[in-house]
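data.pdb (PDB, C-alpha atoms)
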MODEL        1
ATOM      1  CA  MET E   7     -16.191-176.404 182.996
ATOM      2  CA  THR E   8     -13.292-174.478 181.576
ATOM      3  CA  VAL E   9     -13.908-172.950 178.172
ATOM      4  CA  THR E  10     -10.754-172.647 176.124
ATOM      5  CA  ILE E  11     -10.877-170.115 173.345
ATOM      6  CA  THR E  12      -8.606-171.170 170.539
ATOM      7  CA  THR E  13      -6.394-168.870 168.491
ATOM      8  CA  ARG E  14      -8.665-169.468 165.501
ATOM      9  CA  GLU E  15     -11.698-168.393 167.548
ATOM     10  CA  ARG E  16      -9.897-165.292 168.825
ATOM     11  CA  LEU E  17      -9.164-164.239 165.242
ATOM     12  CA  ILE E  18     -12.792-164.817 164.220
ATOM     13  CA  ASP E  19     -13.995-162.766 167.212
ATOM     14  CA  ALA E  20     -11.637-159.926 166.282
ATOM     15  CA  ALA E  21     -12.883-159.933 162.689
ATOM     16  CA  THR E  22     -16.514-159.958 163.826
ATOM     17  CA  GLU E  23     -15.973-156.988 166.128
ATOM     18  CA  LEU E  24     -13.773-154.849 163.870
ATOM     19  CA  LEU E  25     -15.668-155.482 160.617
ATOM     20  CA  HIS E  26     -18.955-154.574 162.298
ATOM     21  CA  GLU E  27     -17.562-151.146 163.085
ATOM     22  CA  TYR E  28     -15.053-150.381 160.293
ATOM     23  CA  PRO E  29     -15.005-150.787 156.490
ATOM     24  CA  TYR E  30     -13.143-153.808 155.084
ATOM     25  CA  HIS E  31     -10.101-151.936 153.772
ATOM     26  CA  ALA E  32      -9.596-150.091 157.067
ATOM     27  CA  VAL E  33      -8.978-153.374 158.927
ATOM     28  CA  GLY E  34      -5.681-155.073 158.092
ATOM     29  CA  VAL E  35      -4.256-158.445 159.141
ATOM     30  CA  GLN E  36      -1.918-156.602 161.537
ATOM     31  CA  THR E  37      -4.857-154.863 163.273
ATOM     32  CA  LEU E  38      -6.839-158.110 163.439
ATOM     33  CA  CYS E  39      -3.890-159.907 165.070
ATOM     34  CA  GLU E  40      -3.319-157.098 167.591
ATOM     35  CA  HIS E  41      -7.034-157.052 168.509
ATOM     36  CA  ALA E  42      -6.998-160.852 168.913
ATOM     37  CA  GLY E  43      -3.717-160.891 170.840
ATOM     38  CA  VAL E  44      -2.237-163.228 168.229
ATOM     39  CA  ARG E  45       1.221-162.921 166.661
ATOM     40  CA  LYS E  46       1.057-162.022 162.982
ATOM     41  CA  GLY E  47       3.264-164.991 162.150
ATOM     42  CA  SER E  48       0.485-167.300 163.388
ATOM     43  CA  PHE E  49      -2.289-165.783 161.243
ATOM     44  CA  TYR E  50      -1.564-167.711 158.047
ATOM     45  CA  HIS E  51      -1.413-170.953 159.977
ATOM     46  CA  TYR E  52      -5.167-170.574 160.520
ATOM     47  CA  PHE E  53      -6.412-168.594 157.507
ATOM     48  CA  GLY E  54      -5.150-168.267 153.937
ATOM     49  CA  SER E  55      -6.142-164.606 153.715
ATOM     50  CA  LYS E  56      -8.136-161.806 155.333
ATOM     51  CA  GLU E  57     -10.935-162.734 152.935
ATOM     52  CA  GLU E  58     -10.981-166.310 154.258
ATOM     53  CA  LEU E  59     -11.113-165.118 157.890
ATOM     54  CA  THR E  60     -13.892-162.670 157.007
ATOM     55  CA  ILE E  61     -15.967-165.439 155.401
ATOM     56  CA  ALA E  62     -15.538-167.554 158.563
ATOM     57  CA  ALA E  63     -16.637-164.583 160.719
ATOM     58  CA  MET E  64     -19.667-163.888 158.500
ATOM     59  CA  ASP E  65     -20.657-167.585 158.544
ATOM     60  CA  LEU E  66     -20.593-167.519 162.351
ATOM     61  CA  ALA E  67     -22.557-164.231 162.562
ATOM     62  CA  TRP E  68     -25.147-165.549 160.120
ATOM     63  CA  GLN E  69     -25.425-168.821 162.085
ATOM     64  CA  ALA E  70     -25.994-166.827 165.295
ATOM     65  CA  PHE E  71     -28.707-164.790 163.601
ATOM     66  CA  THR E  72     -30.543-167.827 162.219
ATOM     67  CA  ASP E  73     -30.292-169.519 165.644
ATOM     68  CA  GLU E  74     -31.942-166.408 167.131
ATOM     69  CA  VAL E  75     -34.836-166.224 164.684
ATOM     70  CA  GLY E  76     -35.378-170.002 164.387
ATOM     71  CA  PRO E  77     -37.736-170.151 167.401
ATOM     72  CA  ILE E  78     -39.722-167.203 165.994
ATOM     73  CA  LEU E  79     -40.199-169.027 162.680
ATOM     74  CA  ALA E  80     -41.279-172.212 164.459
ATOM     75  CA  GLY E  81     -43.675-170.386 166.809
ATOM     76  CA  PRO E  82     -47.480-170.262 166.673
ATOM     77  CA  GLU E  83     -47.743-166.506 165.895
ATOM     78  CA  SER E  84     -49.352-165.037 162.800
ATOM     79  CA  PRO E  85     -47.146-164.230 159.755
ATOM     80  CA  ALA E  86     -47.470-160.482 160.568
ATOM     81  CA  GLU E  87     -46.318-160.990 164.176
ATOM     82  CA  LYS E  88     -43.426-163.242 163.085
ATOM     83  CA  MET E  89     -42.301-160.568 160.631
ATOM     84  CA  ARG E  90     -42.546-157.862 163.329
ATOM     85  CA  ARG E  91     -40.363-159.907 165.711
ATOM     86  CA  ILE E  92     -37.773-160.759 163.064
ATOM     87  CA  VAL E  93     -37.505-157.128 161.928
ATOM     88  CA  ALA E  94     -37.053-156.052 165.568
ATOM     89  CA  ALA E  95     -34.304-158.683 165.975
ATOM     90  CA  CYS E  96     -32.547-157.442 162.806
ATOM     91  CA  LEU E  97     -32.633-153.823 163.924
ATOM     92  CA  SER E  98     -31.589-154.428 167.541
ATOM     93  CA  SER E  99     -28.662-156.693 166.621
ATOM     94  CA  SER E 100     -26.979-153.718 164.959
ATOM     95  CA  ARG E 101     -26.941-151.697 168.168
ATOM     96  CA  VAL E 102     -23.711-152.206 170.093
ATOM     97  CA  HIS E 103     -21.988-150.830 173.142
ATOM     98  CA  SER E 104     -18.912-148.945 172.072
ATOM     99  CA  ARG E 105     -16.433-147.102 174.249
ATOM    100  CA  THR E 106     -18.473-143.906 173.752
ATOM    101  CA  GLY E 107     -21.852-145.433 174.585
ATOM    102  CA  GLU E 108     -24.570-147.266 172.706
ATOM    103  CA  VAL E 109     -24.338-146.631 168.998
ATOM    104  CA  MET E 110     -26.050-147.921 165.876
ATOM    105  CA  ILE E 111     -23.470-149.083 163.389
ATOM    106  CA  GLY E 112     -25.480-150.667 160.621
ATOM    107  CA  CYS E 113     -25.579-154.206 159.302
ATOM    108  CA  PRO E 114     -22.152-155.883 159.070
ATOM    109  CA  PHE E 115     -23.192-157.868 155.978
ATOM    110  CA  ALA E 116     -24.334-154.698 154.170
ATOM    111  CA  ARG E 117     -21.274-152.718 155.218
ATOM    112  CA  LEU E 118     -19.049-155.454 153.836
ATOM    113  CA  ALA E 119     -21.081-155.699 150.616
ATOM    114  CA  ALA E 120     -20.620-151.951 150.069
ATOM    115  CA  SER E 121     -16.975-151.780 151.069
ATOM    116  CA  ILE E 122     -15.392-154.734 149.266
ATOM    117  CA  SER E 123     -14.128-154.579 145.688
ATOM    118  CA  GLU E 124     -13.614-156.979 142.788
ATOM    119  CA  ASP E 125     -10.598-158.356 144.656
ATOM    120  CA  GLU E 126     -12.783-160.341 147.074
ATOM    121  CA  PRO E 127     -14.940-162.531 144.775
ATOM    122  CA  ARG E 128     -15.525-165.377 147.255
ATOM    123  CA  LEU E 129     -16.603-162.985 150.013
ATOM    124  CA  ARG E 130     -18.907-161.185 147.549
ATOM    125  CA  LEU E 131     -20.492-164.510 146.589
ATOM    126  CA  ARG E 132     -20.962-165.546 150.238
ATOM    127  CA  LEU E 133     -22.656-162.217 151.066
ATOM    128  CA  ALA E 134     -25.026-162.616 148.098
ATOM    129  CA  GLU E 135     -25.896-166.107 149.418
ATOM    130  CA  ILE E 136     -26.554-164.696 152.901
ATOM    131  CA  PHE E 137     -28.936-162.046 151.506
ATOM    132  CA  GLU E 138     -30.734-164.783 149.519
ATOM    133  CA  GLU E 139     -31.008-166.977 152.646
ATOM    134  CA  TRP E 140     -32.252-163.951 154.618
ATOM    135  CA  ALA E 141     -35.009-163.342 152.036
ATOM    136  CA  ASP E 142     -35.889-167.080 152.091
ATOM    137  CA  LEU E 143     -36.231-166.893 155.867
ATOM    138  CA  LEU E 144     -38.526-163.845 155.616
ATOM    139  CA  THR E 145     -40.492-165.622 152.866
ATOM    140  CA  THR E 146     -41.013-168.556 155.242
ATOM    141  CA  ALA E 147     -42.255-166.125 157.939
ATOM    142  CA  SER E 148     -44.509-164.009 155.727
ATOM    143  CA  GLY E 149     -45.537-166.534 153.074
ATOM    144  CA  ASP E 150     -44.773-163.971 150.329
ATOM    145  CA  ALA E 151     -41.412-163.546 148.531
ATOM    146  CA  ALA E 152     -42.172-159.987 147.340
ATOM    147  CA  VAL E 153     -43.024-158.924 150.902
ATOM    148  CA  ALA E 154     -39.828-160.643 152.105
ATOM    149  CA  TRP E 155     -37.503-158.754 149.711
ATOM    150  CA  SER E 156     -39.313-155.473 150.364
ATOM    151  CA  THR E 157     -38.986-155.965 154.133
ATOM    152  CA  LEU E 158     -35.303-156.894 153.864
ATOM    153  CA  ALA E 159     -34.724-153.768 151.741
ATOM    154  CA  GLU E 160     -36.382-151.573 154.364
ATOM    155  CA  ILE E 161     -34.353-153.200 157.180
ATOM    156  CA  GLN E 162     -31.094-152.591 155.293
ATOM    157  CA  GLY E 163     -32.053-149.031 154.383
ATOM    158  CA  ARG E 164     -33.046-148.150 157.962
ATOM    159  CA  LEU E 165     -29.778-149.526 159.331
ATOM    160  CA  LEU E 166     -27.760-147.585 156.760
ATOM    161  CA  LEU E 167     -29.599-144.301 157.352
ATOM    162  CA  THR E 168     -29.518-144.665 161.126
ATOM    163  CA  ALA E 169     -25.790-145.352 161.082
ATOM    164  CA  SER E 170     -25.145-142.481 158.633
ATOM    165  CA  THR E 171     -27.330-139.750 160.104
ATOM    166  CA  GLY E 172     -27.518-140.676 163.793
ATOM    167  CA  ARG E 173     -31.332-140.557 163.639
ATOM    168  CA  ASN E 174     -33.275-143.307 165.384
ATOM    169  CA  LEU E 175     -35.197-145.008 162.576
ATOM    170  CA  SER E 176     -35.463-148.456 164.178
TER     171      SER E 176
ATOM    172  CA  MET O   1     -19.557-123.131 121.017
ATOM    173  CA  THR O   2     -16.455-124.871 122.267
ATOM    174  CA  VAL O   3     -16.794-126.385 125.713
ATOM    175  CA  THR O   4     -13.514-126.504 127.577
ATOM    176  CA  ILE O   5     -13.322-129.044 130.364
ATOM    177  CA  THR O   6     -10.940-127.862 133.026
ATOM    178  CA  THR O   7      -8.500-130.050 134.907
ATOM    179  CA  ARG O   8     -10.586-129.568 138.051
ATOM    180  CA  GLU O   9     -13.703-130.798 136.206
ATOM    181  CA  ARG O  10     -11.838-133.803 134.789
ATOM    182  CA  LEU O  11     -10.798-134.826 138.310
ATOM    183  CA  ILE O  12     -14.376-134.433 139.578
ATOM    184  CA  ASP O  13     -15.681-136.543 136.664
ATOM    185  CA  ALA O  14     -13.120-139.251 137.424
ATOM    186  CA  ALA O  15     -14.127-139.305 141.105
ATOM    187  CA  THR O  16     -17.822-139.469 140.207
ATOM    188  CA  GLU O  17     -17.295-142.420 137.873
ATOM    189  CA  LEU O  18     -14.839-144.426 139.955
ATOM    190  CA  LEU O  19     -16.532-143.902 143.344
ATOM    191  CA  HIS O  20     -19.874-144.984 141.907
ATOM    192  CA  GLU O  21     -18.355-148.326 141.007
ATOM    193  CA  TYR O  22     -15.642-148.964 143.617
ATOM    194  CA  PRO O  23     -15.357-148.535 147.396
ATOM    195  CA  TYR O  24     -13.550-145.430 148.687
ATOM    196  CA  HIS O  25     -10.342-147.150 149.796
ATOM    197  CA  ALA O  26      -9.965-148.966 146.465
ATOM    198  CA  VAL O  27      -9.646-145.646 144.588
ATOM    199  CA  GLY O  28      -6.384-143.771 145.194
ATOM    200  CA  VAL O  29      -5.205-140.338 144.066
ATOM    201  CA  GLN O  30      -2.937-142.068 141.495
ATOM    202  CA  THR O  31      -5.877-143.948 139.970
ATOM    203  CA  LEU O  32      -8.042-140.816 139.940
ATOM    204  CA  CYS O  33      -5.313-138.871 138.113
ATOM    205  CA  GLU O  34      -4.771-141.656 135.562
ATOM    206  CA  HIS O  35      -8.520-141.894 134.891
ATOM    207  CA  ALA O  36      -8.720-138.104 134.498
ATOM    208  CA  GLY O  37      -5.575-137.889 132.357
ATOM    209  CA  VAL O  38      -4.048-135.474 134.865
ATOM    210  CA  ARG O  39      -0.488-135.587 136.184
ATOM    211  CA  LYS O  40      -0.352-136.497 139.872
ATOM    212  CA  GLY O  41       1.738-133.399 140.549
ATOM    213  CA  SER O  42      -1.232-131.246 139.514
ATOM    214  CA  PHE O  43      -3.767-132.896 141.838
ATOM    215  CA  TYR O  44      -2.932-130.951 144.991
ATOM    216  CA  HIS O  45      -3.071-127.683 143.059
ATOM    217  CA  TYR O  46      -6.843-128.265 142.791
ATOM    218  CA  PHE O  47      -7.774-130.317 145.863
ATOM    219  CA  GLY O  48      -6.256-130.569 149.332
ATOM    220  CA  SER O  49      -7.029-134.292 149.595
ATOM    221  CA  LYS O  50      -8.987-137.186 148.114
ATOM    222  CA  GLU O  51     -11.654-136.400 150.722
ATOM    223  CA  GLU O  52     -11.988-132.827 149.388
ATOM    224  CA  LEU O  53     -12.306-134.029 145.772
ATOM    225  CA  THR O  54     -14.876-136.623 146.848
ATOM    226  CA  ILE O  55     -16.973-133.961 148.587
ATOM    227  CA  ALA O  56     -16.879-131.816 145.413
ATOM    228  CA  ALA O  57     -17.962-134.839 143.329
ATOM    229  CA  MET O  58     -20.796-135.689 145.758
ATOM    230  CA  ASP O  59     -21.967-132.047 145.789
ATOM    231  CA  LEU O  60     -22.183-132.105 141.991
ATOM    232  CA  ALA O  61     -23.971-135.490 141.901
ATOM    233  CA  TRP O  62     -26.444-134.296 144.523
ATOM    234  CA  GLN O  63     -27.039-131.063 142.589
ATOM    235  CA  ALA O  64     -27.735-133.081 139.408
ATOM    236  CA  PHE O  65     -30.212-135.250 141.309
ATOM    237  CA  THR O  66     -32.095-132.282 142.831
ATOM    238  CA  ASP O  67     -32.171-130.605 139.381
ATOM    239  CA  GLU O  68     -33.742-133.796 138.007
ATOM    240  CA  VAL O  69     -36.449-134.114 140.665
ATOM    241  CA  GLY O  70     -37.162-130.356 140.995
ATOM    242  CA  PRO O  71     -39.725-130.343 138.145
ATOM    243  CA  ILE O  72     -41.473-133.385 139.677
ATOM    244  CA  LEU O  73     -41.794-131.581 143.033
ATOM    245  CA  ALA O  74     -43.144-128.437 141.353
ATOM    246  CA  GLY O  75     -45.611-130.369 139.167
ATOM    247  CA  PRO O  76     -49.391-130.705 139.580
ATOM    248  CA  GLU O  77     -49.407-134.455 140.341
ATOM    249  CA  SER O  78     -50.718-136.015 143.540
ATOM    250  CA  PRO O  79     -48.275-136.712 146.414
ATOM    251  CA  ALA O  80     -48.473-140.450 145.626
ATOM    252  CA  GLU O  81     -47.602-139.890 141.944
ATOM    253  CA  LYS O  82     -44.752-137.505 142.835
ATOM    254  CA  MET O  83     -43.323-140.133 145.192
ATOM    255  CA  ARG O  84     -43.637-142.830 142.526
ATOM    256  CA  ARG O  85     -41.732-140.706 140.008
ATOM    257  CA  ILE O  86     -38.996-139.725 142.461
ATOM    258  CA  VAL O  87     -38.476-143.338 143.562
ATOM    259  CA  ALA O  88     -38.229-144.382 139.895
ATOM    260  CA  ALA O  89     -35.643-141.619 139.315
ATOM    261  CA  CYS O  90     -33.610-142.777 142.345
ATOM    262  CA  LEU O  91     -33.597-146.405 141.219
ATOM    263  CA  SER O  92     -32.833-145.726 137.546
ATOM    264  CA  SER O  93     -29.956-143.334 138.288
ATOM    265  CA  SER O  94     -28.022-146.233 139.797
ATOM    266  CA  ARG O  95     -28.075-148.243 136.579
ATOM    267  CA  VAL O  96     -25.005-147.585 134.466
ATOM    268  CA  HIS O  97     -23.394-148.906 131.340
ATOM    269  CA  SER O  98     -20.172-150.662 132.221
ATOM    270  CA  ARG O  99     -17.773-152.427 129.882
ATOM    271  CA  THR O 100     -19.646-155.690 130.505
ATOM    272  CA  GLY O 101     -23.129-154.290 129.874
ATOM    273  CA  GLU O 102     -25.806-152.556 131.907
ATOM    274  CA  VAL O 103     -25.272-153.178 135.604
ATOM    275  CA  MET O 104     -26.871-151.971 138.827
ATOM    276  CA  ILE O 105     -24.186-150.701 141.153
ATOM    277  CA  GLY O 106     -26.089-149.198 144.031
ATOM    278  CA  CYS O 107     -26.272-145.657 145.366
ATOM    279  CA  PRO O 108     -22.915-143.812 145.349
ATOM    280  CA  PHE O 109     -23.832-141.885 148.515
ATOM    281  CA  ALA O 110     -24.691-145.097 150.373
ATOM    282  CA  ARG O 111     -21.634-146.936 149.097
ATOM    283  CA  LEU O 112     -19.449-144.082 150.340
ATOM    284  CA  ALA O 113     -21.252-143.924 153.691
ATOM    285  CA  ALA O 114     -20.585-147.642 154.207
ATOM    286  CA  SER O 115     -17.015-147.652 152.954
ATOM    287  CA  ILE O 116     -15.451-144.612 154.652
ATOM    288  CA  SER O 117     -13.939-144.704 158.130
ATOM    289  CA  GLU O 118     -13.346-142.281 161.007
ATOM    290  CA  ASP O 119     -10.541-140.741 158.934
ATOM    291  CA  GLU O 120     -12.998-138.873 156.672
ATOM    292  CA  PRO O 121     -15.092-136.793 159.123
ATOM    293  CA  ARG O 122     -15.991-133.966 156.686
ATOM    294  CA  LEU O 123     -17.133-136.426 154.007
ATOM    295  CA  ARG O 124     -19.145-138.355 156.607
ATOM    296  CA  LEU O 125     -20.840-135.106 157.692
ATOM    297  CA  ARG O 126     -21.612-134.098 154.090
ATOM    298  CA  LEU O 127     -23.171-137.512 153.381
ATOM    299  CA  ALA O 128     -25.353-137.215 156.499
ATOM    300  CA  GLU O 129     -26.498-133.776 155.254
ATOM    301  CA  ILE O 130     -27.316-135.232 151.809
ATOM    302  CA  PHE O 131     -29.452-137.989 153.368
ATOM    303  CA  GLU O 132     -31.254-135.338 155.487
ATOM    304  CA  GLU O 133     -31.853-133.158 152.396
ATOM    305  CA  TRP O 134     -33.084-136.240 150.502
ATOM    306  CA  ALA O 135     -35.599-136.995 153.278
ATOM    307  CA  ASP O 136     -36.668-133.305 153.278
ATOM    308  CA  LEU O 137     -37.280-133.508 149.541
ATOM    309  CA  LEU O 138     -39.391-136.666 149.948
ATOM    310  CA  THR O 139     -41.246-134.982 152.823
ATOM    311  CA  THR O 140     -42.074-132.077 150.497
ATOM    312  CA  ALA O 141     -43.365-134.555 147.895
ATOM    313  CA  SER O 142     -45.367-136.777 150.262
ATOM    314  CA  GLY O 143     -46.316-134.315 152.998
ATOM    315  CA  ASP O 144     -45.247-136.838 155.655
ATOM    316  CA  ALA O 145     -41.752-137.097 157.217
ATOM    317  CA  ALA O 146     -42.249-140.677 158.444
ATOM    318  CA  VAL O 147     -43.294-141.799 154.950
ATOM    319  CA  ALA O 148     -40.288-139.913 153.538
ATOM    320  CA  TRP O 149     -37.706-141.688 155.756
ATOM    321  CA  SER O 150     -39.391-145.054 155.230
ATOM    322  CA  THR O 151     -39.355-144.553 151.441
ATOM    323  CA  LEU O 152     -35.719-143.444 151.465
ATOM    324  CA  ALA O 153     -34.838-146.531 153.531
ATOM    325  CA  GLU O 154     -36.560-148.803 151.037
ATOM    326  CA  ILE O 155     -34.819-147.096 148.078
ATOM    327  CA  GLN O 156     -31.418-147.543 149.731
ATOM    328  CA  GLY O 157     -32.129-151.135 150.704
ATOM    329  CA  ARG O 158     -33.317-152.077 147.204
ATOM    330  CA  LEU O 159     -30.225-150.536 145.603
ATOM    331  CA  LEU O 160     -27.944-152.380 148.033
ATOM    332  CA  LEU O 161     -29.650-155.759 147.568
ATOM    333  CA  THR O 162     -29.854-155.399 143.789
ATOM    334  CA  ALA O 163     -26.169-154.533 143.577
ATOM    335  CA  SER O 164     -25.222-157.367 145.986
ATOM    336  CA  THR O 165     -27.368-160.203 144.661
ATOM    337  CA  GLY O 166     -27.840-159.280 141.007
ATOM    338  CA  ARG O 167     -31.644-159.595 141.411
ATOM    339  CA  ASN O 168     -33.807-156.951 139.802
ATOM    340  CA  LEU O 169     -35.620-155.348 142.742
ATOM    341  CA  SER O 170     -36.167-151.917 141.173
TER     342      SER O 170
ENDMDL
END

Could you take the file, read its structure, and then write that structure out as structure tokens?
Amino acid sequence: MTVTITTRERLIDAATELLHEYPYHAVGVQTLCEHAGVRKGSFYHYFGSKEELTIAAMDLAWQAFTDEVGPILAGPESPAEKMRRIVAACLSSSRVHSRTGEVMIGCPFARLAASISEDEPRLRLRLAEIFEEWADLLTTASGDAAVAWSTLAEIQGRLLLTASTGRNLS
Amino acid sequence: MTVTITTRERLIDAATELLHEYPYHAVGVQTLCEHAGVRKGSFYHYFGSKEELTIAAMDLAWQAFTDEVGPILAGPESPAEKMRRIVAACLSSSRVHSRTGEVMIGCPFARLAASISEDEPRLRLRLAEIFEEWADLLTTASGDAAVAWSTLAEIQGRLLLTASTGRNLS
């Protein structure tokens, strides 16, 4: 079977990769097109704005994450063991192979939330929804909403501190 | 006594206020000068770059925070009570009065860490040092480095999620 990657998919892949590693304002449409191997003139045929492409990339990343943890949620393990496995999945998914070796670069959703401004209201709203869905998912695993938000806070904090200080806190 | 605020101090105040609320790339030298009421031509007389001004502003904010928690560290309370008070100080310092009312806008150090790029290596290094000093301070309070990093992670995560979702997690 031949898998054809469309121009739209190449742009989404470029956004996923670049916005995981760099802050939102440091990645322009020109850079995204060069990374995707797409002519800049084609960009607006597929997406109305960088914000729209970013939302598509975040939707795909969030879908991939929920696909990964779905089997854990549906499994027979105890709430504590489910939480342990989901936290491990959250922390390991933020470890990537860069040109200089394996590095921890934080959570792409959190980096975006911290690096966007008032000019990206739809993206801000989508990120808030993703954090809410993430807490819902942890509430399903643990059976306790307060534990879920506290665990999500610790995951986000560990990713931020690991990425900022280079310490291994995962 | 007449207190004279120097041009340098006005620029630092402007950076402190604007970088608490907006991501690094959304705040330019022009905007900083306008907010400070300083002519743009004067800026480079005081600071070599926006990065240099930002480091000065972060140094001052960090000094204010350590001045605030110093008496807690030196007090007679138990480690658990000292930690409780320091965490409360961390969470409340990120609540500010904006034009639209009281809002939670996250930790300025964390927002900067997430929103700067490879182009600000000295600022990145200074932020890493601040997080290390913060963990040292919590280690002094709690007597346990692992508890200190875990607590700092939860503080950072709560501030991020509160700012992103509008929920009150403090």

Mind running chain O against chain E at 7 Å and telling me each contacting residue's nearest atom pair with the distance in Å (one decimal), counting only C-alpha atoms, chain and number ascending, as CSV?
residue,atom,partner,partner_atom,distance
O:Tyr22,CA,E:Ser123,CA,6.2
O:Pro23,CA,E:Ser121,CA,5.2
O:His25,CA,E:His31,CA,6.2
O:Arg111,CA,E:Ala120,CA,5.2
O:Ala113,CA,E:Ser170,CA,6.5
O:Ala114,CA,E:Arg117,CA,5.2
O:Ser115,CA,E:Ser121,CA,4.5
O:Ile116,CA,E:Pro29,CA,6.5
O:Ser117,CA,E:Tyr28,CA,6.2
O:Ala128,CA,E:Thr171,CA,4.8
O:Ala153,CA,E:Gly163,CA,3.8
O:Glu154,CA,E:Glu160,CA,4.3
O:Gln156,CA,E:Gly163,CA,4.9
O:Gly157,CA,E:Ala159,CA,3.8
O:Arg158,CA,E:Ala159,CA,5.0
O:Leu161,CA,E:Ala159,CA,6.9
O:Ser164,CA,E:Ala134,CA,5.7
O:Thr165,CA,E:Ala134,CA,4.8

For this session: Figure out the distance between atom CA of Arg128 of chain E and atom CA of Glu74 of chain E, please, to one decimal in Å.
Result: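 One can read the atom CA of Glu74 of chain E to atom CA of Arg128 of chain E distance as 25.8 Å.
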
For this session: Name the residues in contact with segment 33-44 of chain O at a cut-off of 12 Å, using all atoms listed in the file, excluding same-chain residues fewer than 4 positions from it; report them as a list in words.
Result: Ile5, Thr6, Thr7, Arg8, Glu9, Arg10, Leu11, Ile12, Asp13, Ala14, Ala15, Thr16, Glu17, Leu18, Leu19, Val27, Gly28, Val29, Gly48, Ser49, Lys50, Glu51, Glu52 and Leu53 of chain O

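From atom CA of Ala151 of chain E back to atom CA of Ala70 of chain E, the distance works out to 23.0 Å.
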
For this session: Figure out the distance between atom CA of Arg126 of chain O and atom CA of Ala56 of chain O, please, to one decimal in Å.
Result: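 Between atom CA of Ala56 of chain O and atom CA of Arg126 of chain O the gap works out to 10.1 Å.
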
Restrict the output to segment 159-175 of chain E and C-alpha atoms, then write it as a tab-separated table (two decimals), in the first residue's frame.
chain	number	residue	atom	x	y	z
E	159	ALA	CA	-0.74	20.44	37.61
E	160	GLU	CA	2.21	18.34	38.77
E	161	ILE	CA	2.68	16.85	35.26
E	162	GLN	CA	2.71	20.33	33.70
E	163	GLY	CA	5.04	21.72	36.36
E	164	ARG	CA	7.51	18.84	36.03
E	165	LEU	CA	7.62	19.21	32.25
E	166	LEU	CA	8.19	22.96	32.53
E	167	LEU	CA	10.95	22.64	35.15
E	168	THR	CA	12.66	19.78	33.34
E	169	ALA	CA	12.66	21.71	30.08
E	170	SER	CA	13.86	24.91	31.81
E	171	THR	CA	16.56	23.55	34.10
E	172	GLY	CA	17.71	20.40	32.31
E	173	ARG	CA	17.12	18.36	35.48
E	174	ASN	CA	15.44	14.97	35.14
E	175	LEU	CA	12.23	15.33	37.14
